[in-house]
Structures are given as structure tokens and as C-alpha cells.
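Notes to accompany the following structure.
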Amino acid sequence: MAESGFQSSVSSDPRAGTFLDGLWASLPIALGYVPIAFAFGVAARGVGLTLAEAVALSVILYSGGAQFVALALIASGAPFLVSAFTLIAMGLRHLLYGPALMRRAGPAASRRHAWAWAWGLTDEVFGTALGALARGRRFSEPFMFGLGLGAYLAWGAGTAMGAYAGSGALAAWPAVEAGLGFMLPALFLALLLSVLSRAQLPVLAVAAVATVAVTLAWSGTAGLLAGMIAGAVAGVLNRKGVRDAP
Amino acid sequence: MRLEVLALALIVGACNWAFRYVPTRANLHELPSGSPVTRFLAATGPAAIGTLFVASALPLVNDRSGPATLTLGTGVGAVLLIYAATRSVAVATLAGALAYGGAFWLVAA
């Protein structure tokens, strides 16, 4: 039943992405995720988690920053509730992604299976989906499934490889490690270029300044939230600037 | 598997899913164009992507263990150049990572 719904939404509009289009679009994310997830797997074993526990955190929790903080909390013996509330608070920025994406997708966009594909709506998946819409791709749920699945599998596989390999696996290839480490900044920069317009420059400037200031003064997580909210508020104040099209 | 690790993953994972899914159900298309909420949502995407770029590049800028300026400049330059030439996010991303790793290798050699 689900498949027939997907097919009809795809075949009616050639600009609507297919599942394979989404999978292809997830390639840069996947290449960026594997080394980070690998590092998480290594770190998880380092604090005493088993391979199964490391992979469980990645496939159930599925939030990179929160997972690394989870390791620190587990290693420090923090109380369970403190750990849970800290990690939940780190995910609050995701509240912004759904409305922004669906607003850009348009009123005809199907959300029938959003309960499933929204699970994979990470920072990178959100950015890639928004970039695709900005370049003229019509929103489709199969595309979102492909995009999310590619990223999710890469994250889980990277974690498993890291937890299995243990520390020092990439130590012999520092240039490869460095290149892989630049994958996500490169992805975000390319996405930024794909949605950039003159009207959004004030939004980006405010977001960048807020991110740097709050990150240096407080923490990376607070910096992320501050940058996104400050940039969006700048968009509200900039009446001549941002409209619906990113 | 320890129960506390599994419980932590399940509770936080459930909240993450709710944060990602529930807001997609909001009906925002009847909002008047140009309203503050509309402008906020329209600016959220660019602001989020800009924030994520700055946040992910910041540790590389602060990295004092290697030739950060040269490698970062090479990687960023490659992304800008290749995106301008191809208009492809995937190709520009891969080229940027390749250039960054290559510059790192050249400087370290």
C-alpha cells in the first residue's frame, strides 16, 4: 500500500525525486558520516561500551553530537535522569526543521509517511533536502526515504566498524582522516552555496556571528541553537529580505 | 547489553523522533505571506545551514596541531570553485574533501 502511494506521487511529476535520487543525494552525507561514526564507535569502546551498546546508541538515539555527550555522561557516571534531560535538550533544534522543510515543500506535499522518514531528519539530511528543493526538485516522500536511509545506514555501519576496529585504525593514513574530517564542512558549504541569495546575507551573517560567539562563550550545542534562532529572527526583522524561496 | 544504556537510547531516541516528526504535521500553509512566522520559517533553512557550516568548520580553524589555514583555505576554495563550475553539491563536497586531504598530505610530507 505504501509503495503504490509512493509511485503515484513520483510518476505525476518528473521533478519529484525518486528513492534512488534520494539515495544518490545521500552520498556526500554518507561519506561524511562514516568517519565520524567510526570515531564514535572507537570512543564508545574506549569508555567501556560493548559493540552492541555502541551500535544501539547509533541506531536508536541517532544524533551525533548527543551520542558523544552520552559517552562522556556514561563515563563520568552521571545520574540517569541528568543524562537523559541533557541529551534531550541537545535535540531541541530539530523542532525547527520540520516546519521549515514542509513550508518550503508547499501545501501539496504529502506527509503521509512523515512518521517514518522524519526519523532521519538530521542536520545534514535537512540541509540536503532543503538544497534540493531550492534547486527545483519537487518534494517527495520516496526521495526523503532514500536520503534518510543512506545517511542512517552509513551512520550505523561507521559505528559498527569503529567499535570493531578499536583505536588507531586510521592512524596510518592521516591525510585520509583529514580529508574525511572535512567532508561535513564541505557539504554544508556546498549546500549554503546552493540556497544562497543576496537577500539572505544578513541572516547568514547574524547566524555566523551568534554561532561563533555562543560556542566560544558557552558550548557547541548552545552555539548551534543560538545561531539558528538568531539567524531566523534576523529573517523576521529583515522585511525586505527572505521570502519563502530560500 | 546494560539496561541503563538501552533505556537511555530509547528515551532520548523517542524524543529525537518526536522533535523531528511532530513539527512536520503543523499546518503552516494558511499563514499569510510575509507574516513574521512565515519569514521566520523561510529564514530558518539558510540560518541552519550557515550555522552548521560555521559550527563544523570552527574546530578546524581552532586546530593548532596542523597547517589549518592552508588546508582549510584549499578545501573551501575547492568547494567554491567546483560548485561554481558544476552546480553539483555532491561533486563540490567530494572535491573539497579531496583537496583538503591532498593539501594536508602535501604540507605534512
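Residue numbering restarts at 1 in every chain; chains get A, B, ... in the order shown in the C-alpha cells, and ligands count up from 1 in that same order.
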
Next on the checklist: Residues near B:Leu6, anyone? I mean within 8 Å using only C-alpha atoms, not counting same-chain ones fewer than 4 positions away, as a ChimeraX atom specification.
Outcome noted: /A:53,56-57 /B:1-2,10

Checklist entry - Within 10 Å of A:Phe85, counting only C-alpha atoms, which residues qualify if same-chain residues fewer than 6 places away don't, as a PyMOL selection string? => result chain B and resi 8+11-12

Take the residues that were just selected and, keeping N, CA, C and O atoms, output them as a CSV table (one decimal), in the first residue's frame.
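Printed below is selection_13.csv as written:
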```
chain,number,residue,atom,x,y,z
B,8,LEU,N,18.5,4.6,28.1
B,8,LEU,CA,18.9,6.0,27.7
B,8,LEU,C,18.7,6.2,26.2
B,8,LEU,O,18.2,7.2,25.8
B,11,ILE,N,14.8,6.4,25.4
B,11,ILE,CA,14.1,7.6,25.9
B,11,ILE,C,14.6,8.8,25.0
B,11,ILE,O,13.7,9.6,24.5
B,12,VAL,N,15.9,9.0,24.8
B,12,VAL,CA,16.4,10.1,24.1
B,12,VAL,C,16.0,9.9,22.6
B,12,VAL,O,15.7,10.9,21.9
```

Leaving out A:Ala116 and any residue of its chain fewer than 2 positions from it, which residues lie within 12 Å of it when counting only C-alpha atoms, given as a PDB file with all heavy atoms, in the first residue's frame?
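Saved the output as out-v4.pdb:
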```pdb
ATOM      1  N   ALA A   2       1.871   1.203   0.808  1.00  0.00           N
ATOM      2  CA  ALA A   2       2.760   2.358   0.860  1.00  0.00           C
ATOM      3  C   ALA A   2       3.434   2.581  -0.490  1.00  0.00           C
ATOM      4  O   ALA A   2       3.555   3.701  -0.954  1.00  0.00           O
ATOM      5  CB  ALA A   2       3.819   2.147   1.935  1.00  0.00           C
ATOM      6  N   ARG A 111       2.561  14.170   3.518  1.00  0.00           N
ATOM      7  CA  ARG A 111       3.236  13.879   4.793  1.00  0.00           C
ATOM      8  C   ARG A 111       2.749  12.550   5.349  1.00  0.00           C
ATOM      9  O   ARG A 111       2.889  12.266   6.517  1.00  0.00           O
ATOM     10  CB  ARG A 111       2.910  14.959   5.836  1.00  0.00           C
ATOM     11  CG  ARG A 111       3.116  16.347   5.360  1.00  0.00           C
ATOM     12  CD  ARG A 111       2.642  17.317   6.408  1.00  0.00           C
ATOM     13  NE  ARG A 111       2.001  18.462   5.771  1.00  0.00           N
ATOM     14  CZ  ARG A 111       1.740  19.587   6.395  1.00  0.00           C
ATOM     15  NH1 ARG A 111       2.040  19.728   7.664  1.00  0.00           N
ATOM     16  NH2 ARG A 111       1.168  20.575   5.772  1.00  0.00           N
ATOM     17  N   ARG A 112       2.176  11.750   4.475  1.00  0.00           N
ATOM     18  CA  ARG A 112       1.539  10.508   4.905  1.00  0.00           C
ATOM     19  C   ARG A 112       2.510   9.604   5.661  1.00  0.00           C
ATOM     20  O   ARG A 112       2.151   8.945   6.624  1.00  0.00           O
ATOM     21  CB  ARG A 112       1.012   9.816   3.657  1.00  0.00           C
ATOM     22  CG  ARG A 112       0.155   8.628   3.904  1.00  0.00           C
ATOM     23  CD  ARG A 112      -0.423   8.178   2.571  1.00  0.00           C
ATOM     24  NE  ARG A 112      -0.854   6.800   2.638  1.00  0.00           N
ATOM     25  CZ  ARG A 112      -1.097   6.069   1.572  1.00  0.00           C
ATOM     26  NH1 ARG A 112      -0.930   6.580   0.372  1.00  0.00           N
ATOM     27  NH2 ARG A 112      -1.497   4.833   1.694  1.00  0.00           N
ATOM     28  N   HIS A 113       3.748   9.557   5.168  1.00  0.00           N
ATOM     29  CA  HIS A 113       4.733   8.674   5.792  1.00  0.00           C
ATOM     30  C   HIS A 113       5.794   9.441   6.569  1.00  0.00           C
ATOM     31  O   HIS A 113       6.869   8.920   6.821  1.00  0.00           O
ATOM     32  CB  HIS A 113       5.394   7.806   4.727  1.00  0.00           C
ATOM     33  CG  HIS A 113       4.425   7.026   3.907  1.00  0.00           C
ATOM     34  ND1 HIS A 113       3.809   5.887   4.366  1.00  0.00           N
ATOM     35  CD2 HIS A 113       3.912   7.237   2.678  1.00  0.00           C
ATOM     36  CE1 HIS A 113       2.979   5.426   3.457  1.00  0.00           C
ATOM     37  NE2 HIS A 113       3.025   6.229   2.415  1.00  0.00           N
ATOM     38  N   ALA A 114       5.431  10.674   6.933  1.00  0.00           N
ATOM     39  CA  ALA A 114       6.418  11.507   7.643  1.00  0.00           C
ATOM     40  C   ALA A 114       6.837  10.866   8.963  1.00  0.00           C
ATOM     41  O   ALA A 114       7.968  11.059   9.417  1.00  0.00           O
ATOM     42  CB  ALA A 114       5.853  12.899   7.883  1.00  0.00           C
ATOM     43  N   ALA A 118      10.754  11.136   8.815  1.00  0.00           N
ATOM     44  CA  ALA A 118      11.200  12.232   9.686  1.00  0.00           C
ATOM     45  C   ALA A 118      12.199  11.733  10.730  1.00  0.00           C
ATOM     46  O   ALA A 118      12.960  12.525  11.289  1.00  0.00           O
ATOM     47  CB  ALA A 118      10.009  12.882  10.374  1.00  0.00           C
ATOM     48  N   TRP A 119      12.196  10.423  10.967  1.00  0.00           N
ATOM     49  CA  TRP A 119      13.191   9.869  11.897  1.00  0.00           C
ATOM     50  C   TRP A 119      14.611  10.195  11.429  1.00  0.00           C
ATOM     51  O   TRP A 119      15.518  10.408  12.223  1.00  0.00           O
ATOM     52  CB  TRP A 119      13.014   8.348  12.001  1.00  0.00           C
ATOM     53  CG  TRP A 119      14.193   7.627  12.577  1.00  0.00           C
ATOM     54  CD1 TRP A 119      15.035   6.772  11.937  1.00  0.00           C
ATOM     55  CD2 TRP A 119      14.679   7.709  13.913  1.00  0.00           C
ATOM     56  NE1 TRP A 119      16.010   6.327  12.778  1.00  0.00           N
ATOM     57  CE2 TRP A 119      15.821   6.894  14.008  1.00  0.00           C
ATOM     58  CE3 TRP A 119      14.275   8.422  15.047  1.00  0.00           C
ATOM     59  CZ2 TRP A 119      16.552   6.747  15.171  1.00  0.00           C
ATOM     60  CZ3 TRP A 119      15.006   8.280  16.213  1.00  0.00           C
ATOM     61  CH2 TRP A 119      16.120   7.441  16.266  1.00  0.00           C
ATOM     62  N   GLY A 120      14.794  10.256  10.128  1.00  0.00           N
ATOM     63  CA  GLY A 120      16.129  10.514   9.584  1.00  0.00           C
ATOM     64  C   GLY A 120      16.404  11.967   9.306  1.00  0.00           C
ATOM     65  O   GLY A 120      17.377  12.287   8.624  1.00  0.00           O
ATOM     66  N   LEU A 121      15.579  12.871   9.844  1.00  0.00           N
ATOM     67  CA  LEU A 121      15.738  14.302   9.545  1.00  0.00           C
ATOM     68  C   LEU A 121      16.836  14.924  10.425  1.00  0.00           C
ATOM     69  O   LEU A 121      16.570  15.738  11.301  1.00  0.00           O
ATOM     70  CB  LEU A 121      14.399  15.019   9.744  1.00  0.00           C
ATOM     71  CG  LEU A 121      14.176  16.337   9.010  1.00  0.00           C
ATOM     72  CD1 LEU A 121      14.377  16.201   7.506  1.00  0.00           C
ATOM     73  CD2 LEU A 121      12.779  16.863   9.300  1.00  0.00           C
ATOM     74  N   GLU A 141       8.150  11.999  -0.805  1.00  0.00           N
ATOM     75  CA  GLU A 141       8.496  11.148   0.328  1.00  0.00           C
ATOM     76  C   GLU A 141       9.501  10.051  -0.035  1.00  0.00           C
ATOM     77  O   GLU A 141      10.384   9.758   0.770  1.00  0.00           O
ATOM     78  CB  GLU A 141       7.219  10.564   0.942  1.00  0.00           C
ATOM     79  CG  GLU A 141       6.380  11.648   1.617  1.00  0.00           C
ATOM     80  CD  GLU A 141       5.305  11.090   2.524  1.00  0.00           C
ATOM     81  OE1 GLU A 141       4.449  10.345   2.016  1.00  0.00           O
ATOM     82  OE2 GLU A 141       5.334  11.396   3.716  1.00  0.00           O
ATOM     83  N   PRO A 142       9.408   9.436  -1.236  1.00  0.00           N
ATOM     84  CA  PRO A 142      10.451   8.459  -1.592  1.00  0.00           C
ATOM     85  C   PRO A 142      11.850   9.071  -1.563  1.00  0.00           C
ATOM     86  O   PRO A 142      12.805   8.429  -1.135  1.00  0.00           O
ATOM     87  CB  PRO A 142      10.051   8.028  -3.004  1.00  0.00           C
ATOM     88  CG  PRO A 142       8.596   8.244  -3.066  1.00  0.00           C
ATOM     89  CD  PRO A 142       8.331   9.460  -2.232  1.00  0.00           C
ATOM     90  N   MET A 144      12.848  11.504   0.296  1.00  0.00           N
ATOM     91  CA  MET A 144      13.215  11.679   1.707  1.00  0.00           C
ATOM     92  C   MET A 144      13.628  10.341   2.329  1.00  0.00           C
ATOM     93  O   MET A 144      14.548  10.283   3.151  1.00  0.00           O
ATOM     94  CB  MET A 144      12.046  12.284   2.497  1.00  0.00           C
ATOM     95  CG  MET A 144      11.705  13.712   2.122  1.00  0.00           C
ATOM     96  SD  MET A 144      13.108  14.848   2.284  1.00  0.00           S
ATOM     97  CE  MET A 144      13.469  14.718   4.031  1.00  0.00           C
ATOM     98  N   PHE A 145      12.925   9.264   1.924  1.00  0.00           N
ATOM     99  CA  PHE A 145      13.299   7.940   2.435  1.00  0.00           C
ATOM    100  C   PHE A 145      14.695   7.550   1.971  1.00  0.00           C
ATOM    101  O   PHE A 145      15.520   7.055   2.747  1.00  0.00           O
ATOM    102  CB  PHE A 145      12.288   6.884   1.966  1.00  0.00           C
ATOM    103  CG  PHE A 145      11.134   6.693   2.911  1.00  0.00           C
ATOM    104  CD1 PHE A 145       9.847   7.015   2.544  1.00  0.00           C
ATOM    105  CD2 PHE A 145      11.339   6.182   4.182  1.00  0.00           C
ATOM    106  CE1 PHE A 145       8.786   6.855   3.412  1.00  0.00           C
ATOM    107  CE2 PHE A 145      10.287   6.013   5.064  1.00  0.00           C
ATOM    108  CZ  PHE A 145       9.002   6.355   4.673  1.00  0.00           C
ATOM    109  N   GLY A 146      14.984   7.765   0.674  1.00  0.00           N
ATOM    110  CA  GLY A 146      16.302   7.417   0.142  1.00  0.00           C
ATOM    111  C   GLY A 146      17.402   8.229   0.803  1.00  0.00           C
ATOM    112  O   GLY A 146      18.449   7.690   1.191  1.00  0.00           O
ATOM    113  N   GLY A 148      17.316   9.767   3.720  1.00  0.00           N
ATOM    114  CA  GLY A 148      17.478   9.414   5.126  1.00  0.00           C
ATOM    115  C   GLY A 148      18.094   8.045   5.324  1.00  0.00           C
ATOM    116  O   GLY A 148      18.943   7.855   6.209  1.00  0.00           O
ATOM    117  N   LEU A 149      17.715   7.102   4.475  1.00  0.00           N
ATOM    118  CA  LEU A 149      18.214   5.729   4.650  1.00  0.00           C
ATOM    119  C   LEU A 149      19.715   5.646   4.378  1.00  0.00           C
ATOM    120  O   LEU A 149      20.455   4.979   5.111  1.00  0.00           O
ATOM    121  CB  LEU A 149      17.453   4.770   3.732  1.00  0.00           C
ATOM    122  CG  LEU A 149      17.788   3.288   3.951  1.00  0.00           C
ATOM    123  CD1 LEU A 149      17.367   2.836   5.345  1.00  0.00           C
ATOM    124  CD2 LEU A 149      17.120   2.413   2.892  1.00  0.00           C
TER     125      LEU A 149
ATOM    126  N   TRP B  17      12.926  11.538  17.828  1.00  0.00           N
ATOM    127  CA  TRP B  17      11.943  11.236  16.780  1.00  0.00           C
ATOM    128  C   TRP B  17      10.772  12.222  16.865  1.00  0.00           C
ATOM    129  O   TRP B  17      10.316  12.761  15.840  1.00  0.00           O
ATOM    130  CB  TRP B  17      11.433   9.801  16.939  1.00  0.00           C
ATOM    131  CG  TRP B  17      10.290   9.485  16.021  1.00  0.00           C
ATOM    132  CD1 TRP B  17      10.365   9.205  14.689  1.00  0.00           C
ATOM    133  CD2 TRP B  17       8.905   9.471  16.366  1.00  0.00           C
ATOM    134  NE1 TRP B  17       9.104   9.011  14.186  1.00  0.00           N
ATOM    135  CE2 TRP B  17       8.195   9.161  15.182  1.00  0.00           C
ATOM    136  CE3 TRP B  17       8.202   9.676  17.552  1.00  0.00           C
ATOM    137  CZ2 TRP B  17       6.808   9.048  15.158  1.00  0.00           C
ATOM    138  CZ3 TRP B  17       6.817   9.567  17.528  1.00  0.00           C
ATOM    139  CH2 TRP B  17       6.144   9.256  16.340  1.00  0.00           C
ATOM    140  N   ALA B  18      10.300  12.489  18.085  1.00  0.00           N
ATOM    141  CA  ALA B  18       9.180  13.420  18.252  1.00  0.00           C
ATOM    142  C   ALA B  18       9.574  14.826  17.796  1.00  0.00           C
ATOM    143  O   ALA B  18       8.788  15.512  17.126  1.00  0.00           O
ATOM    144  CB  ALA B  18       8.741  13.441  19.713  1.00  0.00           C
ATOM    145  N   ARG B  20      11.639  15.591  15.539  1.00  0.00           N
ATOM    146  CA  ARG B  20      11.788  15.631  14.082  1.00  0.00           C
ATOM    147  C   ARG B  20      10.449  15.451  13.362  1.00  0.00           C
ATOM    148  O   ARG B  20      10.236  16.027  12.301  1.00  0.00           O
ATOM    149  CB  ARG B  20      12.766  14.530  13.637  1.00  0.00           C
ATOM    150  CG  ARG B  20      14.195  14.796  14.063  1.00  0.00           C
ATOM    151  CD  ARG B  20      15.094  13.583  13.856  1.00  0.00           C
ATOM    152  NE  ARG B  20      16.442  13.828  14.364  1.00  0.00           N
ATOM    153  CZ  ARG B  20      17.366  12.886  14.482  1.00  0.00           C
ATOM    154  NH1 ARG B  20      17.108  11.650  14.144  1.00  0.00           N
ATOM    155  NH2 ARG B  20      18.569  13.182  14.945  1.00  0.00           N
ATOM    156  N   TYR B  21       9.588  14.625  13.944  1.00  0.00           N
ATOM    157  CA  TYR B  21       8.345  14.278  13.244  1.00  0.00           C
ATOM    158  C   TYR B  21       7.191  15.236  13.548  1.00  0.00           C
ATOM    159  O   TYR B  21       6.559  15.761  12.623  1.00  0.00           O
ATOM    160  CB  TYR B  21       7.937  12.846  13.584  1.00  0.00           C
ATOM    161  CG  TYR B  21       6.499  12.544  13.228  1.00  0.00           C
ATOM    162  CD1 TYR B  21       6.064  12.648  11.901  1.00  0.00           C
ATOM    163  CD2 TYR B  21       5.565  12.191  14.198  1.00  0.00           C
ATOM    164  CE1 TYR B  21       4.742  12.400  11.565  1.00  0.00           C
ATOM    165  CE2 TYR B  21       4.247  11.940  13.871  1.00  0.00           C
ATOM    166  CZ  TYR B  21       3.844  12.046  12.560  1.00  0.00           C
ATOM    167  OH  TYR B  21       2.541  11.815  12.217  1.00  0.00           O
ATOM    168  N   VAL B  22       6.885  15.450  14.820  1.00  0.00           N
ATOM    169  CA  VAL B  22       5.670  16.185  15.190  1.00  0.00           C
ATOM    170  C   VAL B  22       5.571  17.549  14.488  1.00  0.00           C
ATOM    171  O   VAL B  22       4.503  17.902  13.959  1.00  0.00           O
ATOM    172  CB  VAL B  22       5.571  16.327  16.729  1.00  0.00           C
ATOM    173  CG1 VAL B  22       4.382  17.213  17.112  1.00  0.00           C
ATOM    174  CG2 VAL B  22       5.427  14.939  17.364  1.00  0.00           C
ATOM    175  N   THR B  24       6.460  18.385  11.620  1.00  0.00           N
ATOM    176  CA  THR B  24       6.108  18.268  10.192  1.00  0.00           C
ATOM    177  C   THR B  24       4.592  18.229  10.003  1.00  0.00           C
ATOM    178  O   THR B  24       4.099  18.441   8.900  1.00  0.00           O
ATOM    179  CB  THR B  24       6.696  16.986   9.542  1.00  0.00           C
ATOM    180  OG1 THR B  24       6.074  15.838  10.131  1.00  0.00           O
ATOM    181  CG2 THR B  24       8.190  16.905   9.700  1.00  0.00           C
TER     182      THR B  24
END
```

Next on the checklist: as a VMD selection string, please: every residue in stretch 11-163 of chain A that DSSP puts in alpha helix (DSSP H).
Outcome noted: chain A and resid 11 19 to 25 27 to 46 51 to 56 64 to 76 80 to 90 97 to 105 114 to 117 123 to 134 141 to 163

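Interatomic distance, atom CA of A:Arg15 to atom CA of A:Met228: 29.2 Å.
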
Item to check | A:Ala43 environment, 9 Å, only C-alpha atoms, sequence neighbours closer than 3 positions dropped, as a ChimeraX atom specification | outcome: /A:38-40,46-49,68,71,162-163,166-167

Checklist outcome for this item: Restricting to only C-alpha atoms, whichever of B:Leu70, B:Pro32, B:Gly77, B:Gly101 is closest to chain A is B:Gly101

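Across A:Leu31, A:Ala129, A:Leu224, A:Leu101, the tightest approach to B:Leu98 is made by A:Leu31 when counting only C-alpha atoms.
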
Item to check | Point-to-point distance from atom CA of B:Ala68 to atom CA of A:Ala208, Å rounded to tenths | outcome: 19.4 Å

Checklist entry - Counting only C-alpha atoms, what is within 8 Å of stretch 188-191 of chain A, bar same-chain residues fewer than 2 positions away, as a ChimeraX atom specification? => result /A:124,127-128,131,184-186,193-195 /B:49-50,52-53,76,79-80,83,89,92-93

Next on the checklist: One decimal, in Å: what's the spacing between atom CA of A:Ile229 and atom CA of A:Ala207?
Outcome noted: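 These atoms are spaced 7.7 Å apart.
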